[in-house]
>>> print(open('my_file.txt').read())   # compact mmCIF, C-alpha atoms and all ligand atoms
# COMPACT_ATOMS: atom_id res chain seq x y z
CA MET C 1 -14.34 -7.70 -36.58
CA LEU C 2 -12.07 -5.73 -34.29
CA ILE C 3 -12.35 -6.41 -30.60
CA ALA C 4 -12.01 -3.20 -28.62
CA PRO C 5 -9.53 -3.49 -25.78
CA HIS C 6 -11.18 -3.10 -22.40
CA ASN C 7 -9.48 0.23 -21.74
CA LEU C 8 -10.08 1.76 -25.14
CA SER C 9 -11.87 4.69 -23.59
CA VAL C 10 -9.09 5.58 -21.16
CA ASP C 11 -7.98 9.13 -21.77
CA PRO C 12 -4.19 9.01 -22.29
CA LEU C 13 -3.72 12.46 -20.78
CA ILE C 14 -5.55 11.54 -17.59
CA SER C 15 -3.83 8.19 -17.25
CA ASP C 16 -0.39 9.82 -17.74
CA ASN C 17 -1.23 12.55 -15.25
CA LEU C 18 -2.40 10.01 -12.70
CA GLN C 19 0.71 7.93 -13.13
CA ARG C 20 2.89 10.98 -12.54
CA LEU C 21 0.78 12.10 -9.57
CA ARG C 22 0.90 8.69 -7.92
CA ALA C 23 4.69 8.63 -8.25
CA GLU C 24 4.91 12.08 -6.64
CA VAL C 25 2.55 11.07 -3.84
CA ALA C 26 4.65 7.95 -3.23
CA ARG C 27 7.84 10.02 -3.13
CA ALA C 28 6.36 12.53 -0.66
CA ALA C 29 4.94 9.73 1.48
CA GLY C 30 8.29 7.95 1.54
CA ALA C 31 10.09 11.14 2.56
CA ALA C 32 7.63 11.52 5.43
CA HIS C 33 7.97 7.84 6.45
CA ARG C 34 4.33 7.28 5.62
CA THR C 35 2.59 4.66 3.51
CA VAL C 36 0.84 5.61 0.27
CA GLU C 37 -2.21 3.79 1.64
CA SER C 38 -2.53 6.47 4.34
CA ILE C 39 -3.22 9.08 1.63
CA THR C 40 -6.35 9.19 -0.54
CA VAL C 41 -6.43 11.30 -3.68
CA ILE C 42 -9.71 13.08 -4.38
CA GLY C 43 -10.00 13.91 -8.09
CA VAL C 44 -11.48 17.41 -8.20
CA SER C 45 -13.67 17.30 -11.28
CA LYS C 46 -15.28 20.74 -11.15
CA GLY C 47 -14.98 22.35 -14.56
CA HIS C 48 -14.68 18.97 -16.28
CA ALA C 49 -17.24 16.75 -17.98
CA ALA C 50 -18.61 13.46 -16.70
CA ALA C 51 -16.58 11.64 -19.38
CA GLN C 52 -13.37 12.87 -17.72
CA VAL C 53 -14.53 11.49 -14.38
CA ARG C 54 -15.29 8.18 -16.05
CA ALA C 55 -11.81 8.13 -17.60
CA ALA C 56 -10.23 8.72 -14.17
CA ALA C 57 -12.42 5.99 -12.66
CA GLU C 58 -11.15 3.60 -15.31
CA CYS C 59 -7.64 4.37 -14.03
CA GLY C 60 -8.68 3.28 -10.55
CA MET C 61 -9.85 6.53 -8.98
CA ARG C 62 -12.80 6.26 -6.60
CA ASP C 63 -13.03 9.63 -4.86
CA PHE C 64 -14.22 12.76 -6.65
CA GLY C 65 -14.74 16.33 -5.48
CA GLU C 66 -17.15 18.98 -6.71
CA SER C 67 -17.64 22.59 -5.60
CA TYR C 68 -20.87 23.71 -7.28
CA LEU C 69 -24.14 21.89 -6.80
CA GLN C 70 -25.68 22.94 -10.14
CA GLU C 71 -22.71 21.51 -11.98
CA ALA C 72 -22.32 18.44 -9.78
CA SER C 73 -25.90 17.15 -9.66
CA PRO C 74 -26.33 16.15 -13.32
CA LYS C 75 -22.76 14.84 -13.39
CA ILE C 76 -23.30 12.58 -10.38
CA GLU C 77 -26.63 11.48 -11.83
CA SER C 78 -25.05 10.46 -15.13
CA LEU C 79 -22.32 8.49 -13.32
CA ARG C 80 -24.62 6.48 -11.06
CA ASP C 81 -23.21 3.22 -12.41
CA LEU C 82 -19.72 4.04 -11.04
CA THR C 83 -18.63 2.96 -7.60
CA ALA C 84 -17.66 6.45 -6.51
CA THR C 85 -17.40 8.46 -3.32
CA TRP C 86 -18.50 12.07 -3.84
CA HIS C 87 -17.01 14.91 -1.80
CA PHE C 88 -18.63 18.34 -1.66
CA ILE C 89 -15.71 20.77 -1.30
CA GLY C 90 -17.38 24.08 -2.15
CA ARG C 91 -18.88 26.88 -0.13
CA LEU C 92 -22.02 25.87 1.76
CA GLN C 93 -25.19 27.89 1.42
CA ALA C 94 -28.16 27.14 3.65
CA ASN C 95 -30.59 26.83 0.72
CA LYS C 96 -28.46 24.08 -0.88
CA THR C 97 -27.96 21.80 2.11
CA ARG C 98 -30.84 19.41 1.40
CA GLU C 99 -29.58 18.37 -2.00
CA ILE C 100 -25.99 18.17 -0.75
CA ALA C 101 -27.10 15.92 2.13
CA GLU C 102 -28.89 13.71 -0.39
CA ARG C 103 -26.22 13.46 -3.08
CA PHE C 104 -22.83 13.51 -1.40
CA ASP C 105 -20.90 11.11 0.85
CA TRP C 106 -18.60 13.74 2.35
CA VAL C 107 -18.81 17.49 3.00
CA HIS C 108 -15.52 19.30 3.67
CA GLY C 109 -16.51 22.91 4.22
CA ILE C 110 -18.42 22.96 7.54
CA ASP C 111 -17.75 26.31 9.19
CA ARG C 112 -20.81 26.97 11.32
CA MET C 113 -23.20 25.01 13.50
CA ARG C 114 -26.33 26.13 11.64
CA ILE C 115 -25.15 24.50 8.41
CA ALA C 116 -24.11 21.34 10.25
CA GLU C 117 -27.51 21.09 11.92
CA ARG C 118 -29.30 21.44 8.59
CA LEU C 119 -27.14 18.76 6.96
CA SER C 120 -27.76 16.39 9.86
CA ALA C 121 -31.52 16.97 9.81
CA GLN C 122 -31.65 16.57 6.03
CA ARG C 123 -29.44 13.49 5.65
CA PRO C 124 -31.76 10.75 4.32
CA HIS C 125 -32.50 7.96 6.79
CA TYR C 126 -31.54 5.28 4.22
CA ALA C 127 -28.00 6.65 3.79
CA PRO C 128 -25.05 6.22 6.17
CA PRO C 129 -24.09 9.28 8.23
CA LEU C 130 -22.63 12.13 6.18
CA GLN C 131 -18.84 12.26 6.64
CA VAL C 132 -17.76 15.82 7.41
CA CYS C 133 -14.72 18.01 7.95
CA LEU C 134 -14.52 21.46 9.52
CA GLN C 135 -12.95 24.06 7.28
CA VAL C 136 -10.35 26.12 9.12
CA ASN C 137 -9.14 29.52 7.94
CA ILE C 138 -5.60 28.61 8.90
CA GLY C 139 -4.01 31.37 6.81
CA GLY C 140 -6.11 34.03 8.54
CA GLU C 141 -7.27 35.44 5.22
CA VAL C 142 -10.02 38.01 5.52
CA ALA C 143 -12.00 36.92 2.46
CA LYS C 144 -11.66 33.15 2.89
CA SER C 145 -14.29 30.96 4.44
CA GLY C 146 -13.56 28.69 7.36
CA ILE C 147 -13.59 29.12 11.11
CA GLU C 148 -10.86 30.78 13.10
CA PRO C 149 -8.52 28.16 14.59
CA ALA C 150 -9.43 29.32 18.12
CA MET C 151 -13.07 28.31 17.49
CA ALA C 152 -12.31 24.83 16.17
CA VAL C 153 -12.27 22.83 19.42
CA GLN C 154 -15.73 24.07 20.40
CA LEU C 155 -17.27 23.62 16.94
CA ALA C 156 -15.77 20.13 16.63
CA HIS C 157 -17.39 19.14 19.91
CA SER C 158 -20.78 20.55 18.87
CA VAL C 159 -20.73 18.96 15.41
CA SER C 160 -19.71 15.61 16.86
CA THR C 161 -23.00 15.44 18.77
CA LEU C 162 -25.18 15.64 15.64
CA PRO C 163 -26.82 12.27 14.94
CA ARG C 164 -26.60 12.08 11.15
CA LEU C 165 -23.09 13.49 10.72
CA GLN C 166 -19.81 11.76 11.40
CA LEU C 167 -17.10 14.31 12.10
CA ARG C 168 -13.89 13.03 10.51
CA GLY C 169 -11.43 15.89 10.58
CA LEU C 170 -10.26 19.29 9.39
CA MET C 171 -9.93 20.84 5.95
CA CYS C 172 -8.08 23.94 4.72
CA MET C 173 -7.05 25.83 1.62
CA LEU C 174 -3.88 27.87 1.82
CA PRO C 175 -3.29 31.25 0.24
CA ALA C 176 -1.78 30.77 -3.24
CA ASP C 177 1.92 31.10 -4.01
CA LEU C 178 3.39 30.77 -0.54
CA SER C 179 6.90 29.41 -0.05
CA HIS C 180 7.33 25.75 0.88
CA GLU C 181 8.31 26.94 4.36
CA ASP C 182 5.06 28.85 4.78
CA ASN C 183 3.03 25.94 3.39
CA ARG C 184 4.71 23.63 5.90
CA ARG C 185 4.11 26.05 8.77
CA LEU C 186 0.38 26.39 8.01
CA PHE C 187 -0.22 22.69 7.27
CA GLY C 188 1.73 21.95 10.45
CA ALA C 189 -0.61 24.27 12.35
CA MET C 190 -3.52 22.19 11.02
CA ARG C 191 -1.90 19.04 12.30
CA THR C 192 -1.36 20.65 15.73
CA LEU C 193 -4.97 21.84 15.85
CA SER C 194 -6.20 18.36 15.00
CA GLY C 195 -4.11 17.00 17.88
CA GLN C 196 -5.63 19.54 20.26
CA ILE C 197 -9.15 18.52 19.23
CA ASN C 198 -8.28 14.85 19.74
CA ASP C 199 -6.80 15.67 23.16
CA ALA C 200 -10.00 17.51 24.07
CA GLY C 201 -11.93 14.28 23.46
CA THR C 202 -13.28 14.56 19.90
CA ALA C 203 -11.65 11.84 17.80
CA LEU C 204 -10.49 12.93 14.34
CA ASP C 205 -8.74 10.76 11.74
CA THR C 206 -8.68 13.03 8.67
CA LEU C 207 -6.70 16.02 7.44
CA SER C 208 -8.08 17.22 4.07
CA MET C 209 -5.33 19.47 2.79
CA GLY C 210 -3.14 19.87 -0.27
CA MET C 211 -4.03 20.74 -3.87
CA SER C 212 -2.15 20.47 -7.18
CA ASP C 213 0.46 23.07 -6.18
CA ASP C 214 1.09 22.17 -2.55
CA PHE C 215 0.19 18.52 -1.92
CA GLY C 216 3.83 17.51 -1.32
CA ASP C 217 4.06 19.92 1.62
CA ALA C 218 0.65 18.77 2.87
CA ILE C 219 1.72 15.12 2.85
CA GLN C 220 4.83 16.03 4.86
CA GLU C 221 2.53 17.50 7.52
CA GLY C 222 0.12 14.58 7.70
CA ALA C 223 -2.56 15.10 5.01
CA THR C 224 -4.77 12.02 4.63
CA LEU C 225 -6.99 13.41 1.84
CA ILE C 226 -5.46 15.51 -0.92
CA ARG C 227 -7.77 17.31 -3.36
CA ILE C 228 -6.27 17.38 -6.83
CA GLY C 229 -7.89 18.97 -9.88
CA THR C 230 -5.49 20.48 -12.41
CA ALA C 231 -2.71 17.91 -11.99
CA ILE C 232 -5.16 15.14 -12.99
CA PHE C 233 -7.61 16.73 -15.41
CA GLY C 234 -5.60 19.66 -16.78
CA PRO C 235 -6.91 23.24 -16.92
CA ARG C 236 -10.62 23.52 -16.15
CA MET C 237 -12.76 23.65 -19.28
CA TRP C 238 -15.29 26.08 -17.88
CA PRO C 239 -14.92 28.66 -15.19
CA ALA C 240 -16.39 27.85 -11.85
CA ASN C 241 -19.52 29.79 -11.03
CA GLU C 242 -22.91 29.38 -9.52
C1 LIG M 301 -10.70 23.54 -7.06
C2 LIG M 301 -10.33 23.03 -5.72
C3 LIG M 301 -9.30 22.10 -5.54
C4 LIG M 301 -8.41 21.61 -6.69
O1 LIG M 301 -7.54 22.63 -7.09
P1 LIG M 301 -6.33 22.32 -8.12
O2 LIG M 301 -5.38 23.44 -7.86
O3 LIG M 301 -6.90 22.34 -9.49
O4 LIG M 301 -5.75 21.00 -7.76
C5 LIG M 301 -9.08 21.61 -4.27
N1 LIG M 301 -9.82 22.01 -3.21
C6 LIG M 301 -10.81 22.91 -3.33
C7 LIG M 301 -11.59 23.30 -2.13
C8 LIG M 301 -11.09 23.44 -4.58
O5 LIG M 301 -12.08 24.36 -4.68
>>> encode(input="my_file.txt", output="structure tokens", more="lines below")
Ligand SMILES: *Cc1c(COP(=O)(O)O)cnc(C)c1O
Amino acid sequence: MLIAPHNLSVDPLISDNLQRLRAEVARAAGAAHRTVESITVIGVSKGHAAAQVRAAAECGMRDFGESYLQEASPKIESLRDLTATWHFIGRLQANKTREIAERFDWVHGIDRMRIAERLSAQRPHYAPPLQVCLQVNIGGEVAKSGIEPAMAVQLAHSVSTLPRLQLRGLMCMLPADLSHEDNRRLFGAMRTLSGQINDAGTALDTLSMGMSDDFGDAIQEGATLIRIGTAIFGPRMWPANE
């Protein structure tokens, strides 16, 4: 009888991708005089099956991000046996907040008080406070969600008073295909804004910024959570929609 090695199910593509990613994160961290421990990689699994998440978990990943509740709910359900931290990184709609408050550990896209109040009211009493970030429209794009930077100090203060949320920091997505200089300038503006909020008395310890194409620049500017999909899982197998 053949004995299957423990890691027989590890997907070689995912484990190679993760190895490469971890080396790149370490290089960027070193260049910024930071430790790799100060940076957590969220594996963005939208568009990929539960089996891919399991393969990444077998390579040591613990944090996973999803953008669409309909896709995420059955996936999270089928992976209940994993020790995983689930991050909701998609657009927030008021009619979805209850299930998000029940299923996720973190929510990154808070951009208005009404949504924050609903999440706080709907967070189950048996769960720890929901960890949240405010999404900032740092690139000033008309069509992108997120608050204007000038509104962030006030919203951070208001959200920090909600009993069932724990405000951790700021999140952004940059416009695609900017130069490294522009990435650095905008991620740097996020870091400055976070400092202003701290100075105003609301303690933040998290900057959720950087994706497959720009995480090196984000790490240079202080990212503590990077959200990586394609560079871990490859091209998404189904288009995102809800
Ligand atoms: C899809 C997505 C990501 C991951 O993007 P990749 O370019 O595949 O790494 C990160 N953050 C958010 C908010 C996303 O929607």
>>> atom_distance(input="my_file.txt", atom1="atom CA of Pro149 of chain C", atom2="atom CA of Arg91 of chain C")
18.0 Å
>>> closest_residue(input="my_file.txt", among="C:Arg123, C:Arg184, C:Lys96, C:His48", to="Pro235 of chain C", atoms="all atoms listed in the file")
C:His48
>>> residues_around(input="my_file.txt", residues="Glu221 of chain C", least_positions_apart="6", cutoff="8 Å", atoms="all atoms listed in the file", output="list in words")
Arg184, Phe187, Gly188 and Arg191 of chain C
>>> atom_distance(input="my_file.txt", atom1="atom O5 of ligand LIG 301 (chain M)", atom2="atom CA of Val44 of chain C")
7.8 Å
>>> closest_residue(input="my_file.txt", among="C:Ala50, C:Val132, C:Ser67, C:Ala23", to="Leu79 of chain C", atoms="all atoms listed in the file")
C:Ala50
>>> axis_aligned_box(input="my_file.txt", around="ligand LIG 301 (chain M)", padding_each_side="5 Å", output="AutoDock Vina command-line options")
--center_x -8.7 --center_y 22.7 --center_z -5.8 --size_x 16.7 --size_y 13.4 --size_z 17.4
>>> residues_near_ligand(input="my_file.txt", ligand="ligand LIG 301 (chain M)", cutoff="7 Å", atoms="only C-alpha atoms and all ligand atoms", output="ChimeraX atom specification")
/C:44,46,67,89-90,173,211-213,227-231
>>> atom_distance(input="my_file.txt", atom1="atom CA of Thr224 of chain C", atom2="atom CA of Ser38 of chain C")
6.0 Å
>>> residues_around(input="my_file.txt", residues="Cys172 of chain C", least_positions_apart="2", cutoff="9 Å", atoms="all atoms listed in the file", output="list in words")
His108, Gly109, Leu134, Gln135, Val136, Asn137, Ile138, Gly139, Gly146, Leu170, Leu174, Phe187, Met190, Leu207, Ser208, Met209 and Gly210 of chain C
>>> write_last_selection(input="my_file.txt", atoms="C-alpha atoms", output="compact mmCIF listing (two decimals), keeping the file's coordinate frame")
# COMPACT_ATOMS: atom_id res chain seq x y z
CA HIS C 108 -15.52 19.30 3.67
CA GLY C 109 -16.51 22.91 4.22
CA LEU C 134 -14.52 21.46 9.52
CA GLN C 135 -12.95 24.06 7.28
CA VAL C 136 -10.35 26.12 9.12
CA ASN C 137 -9.14 29.52 7.94
CA ILE C 138 -5.60 28.61 8.90
CA GLY C 139 -4.01 31.37 6.81
CA GLY C 146 -13.56 28.69 7.36
CA LEU C 170 -10.26 19.29 9.39
CA LEU C 174 -3.88 27.87 1.82
CA PHE C 187 -0.22 22.69 7.27
CA MET C 190 -3.52 22.19 11.02
CA LEU C 207 -6.70 16.02 7.44
CA SER C 208 -8.08 17.22 4.07
CA MET C 209 -5.33 19.47 2.79
CA GLY C 210 -3.14 19.87 -0.27
>>> residues_around(input="my_file.txt", residues="segment 118-120 of chain C", least_positions_apart="3", cutoff="12 Å", atoms="all atoms listed in the file", output="NGL selection string")
:C and (92-107 or 109-110 or 112-115 or 123-125 or 127-132 or 159-167)
>>> closest_residue(input="my_file.txt", among="C:Val153, C:Val41, C:Ala203, C:Leu186", to="Ala56 of chain C", atoms="all atoms listed in the file")
C:Val41
>>> closest_residue(input="my_file.txt", among="C:Tyr126, C:Glu181, C:Gly43, C:His87", to="Gln220 of chain C", atoms="all atoms listed in the file")
C:Glu181
>>> residues_around(input="my_file.txt", residues="Arg54 of chain C", least_positions_apart="5", cutoff="12 Å", atoms="all atoms listed in the file", output="list of chain:residue names")
C:Asn7, C:Ser9, C:Val10, C:Asp11, C:Ile14, C:Ser15, C:Gly43, C:Ser45, C:His48, C:Ala49, C:Cys59, C:Gly60, C:Met61, C:Arg62, C:Asp63, C:Phe64, C:Lys75, C:Ile76, C:Ser78, C:Leu79, C:Arg80, C:Asp81, C:Leu82, C:Thr83, C:Ala84, C:Phe233
>>> closest_residue(input="my_file.txt", among="C:Ala26, C:Ile219, C:Ala55, C:Val142", to="Asn183 of chain C", atoms="only C-alpha atoms")
C:Ile219
>>> closest_residue(input="my_file.txt", among="C:Ala152, C:Ala218, C:Ala72, C:Ile147", to="Trp86 of chain C", atoms="only C-alpha atoms")
C:Ala72
>>> residues_near_point(input="my_file.txt", point="(-10.1, 8.7, 14.9)", cutoff="10 Å", atoms="all atoms listed in the file", output="PyMOL selection string")
chain C and resi 167-169+198+202-206
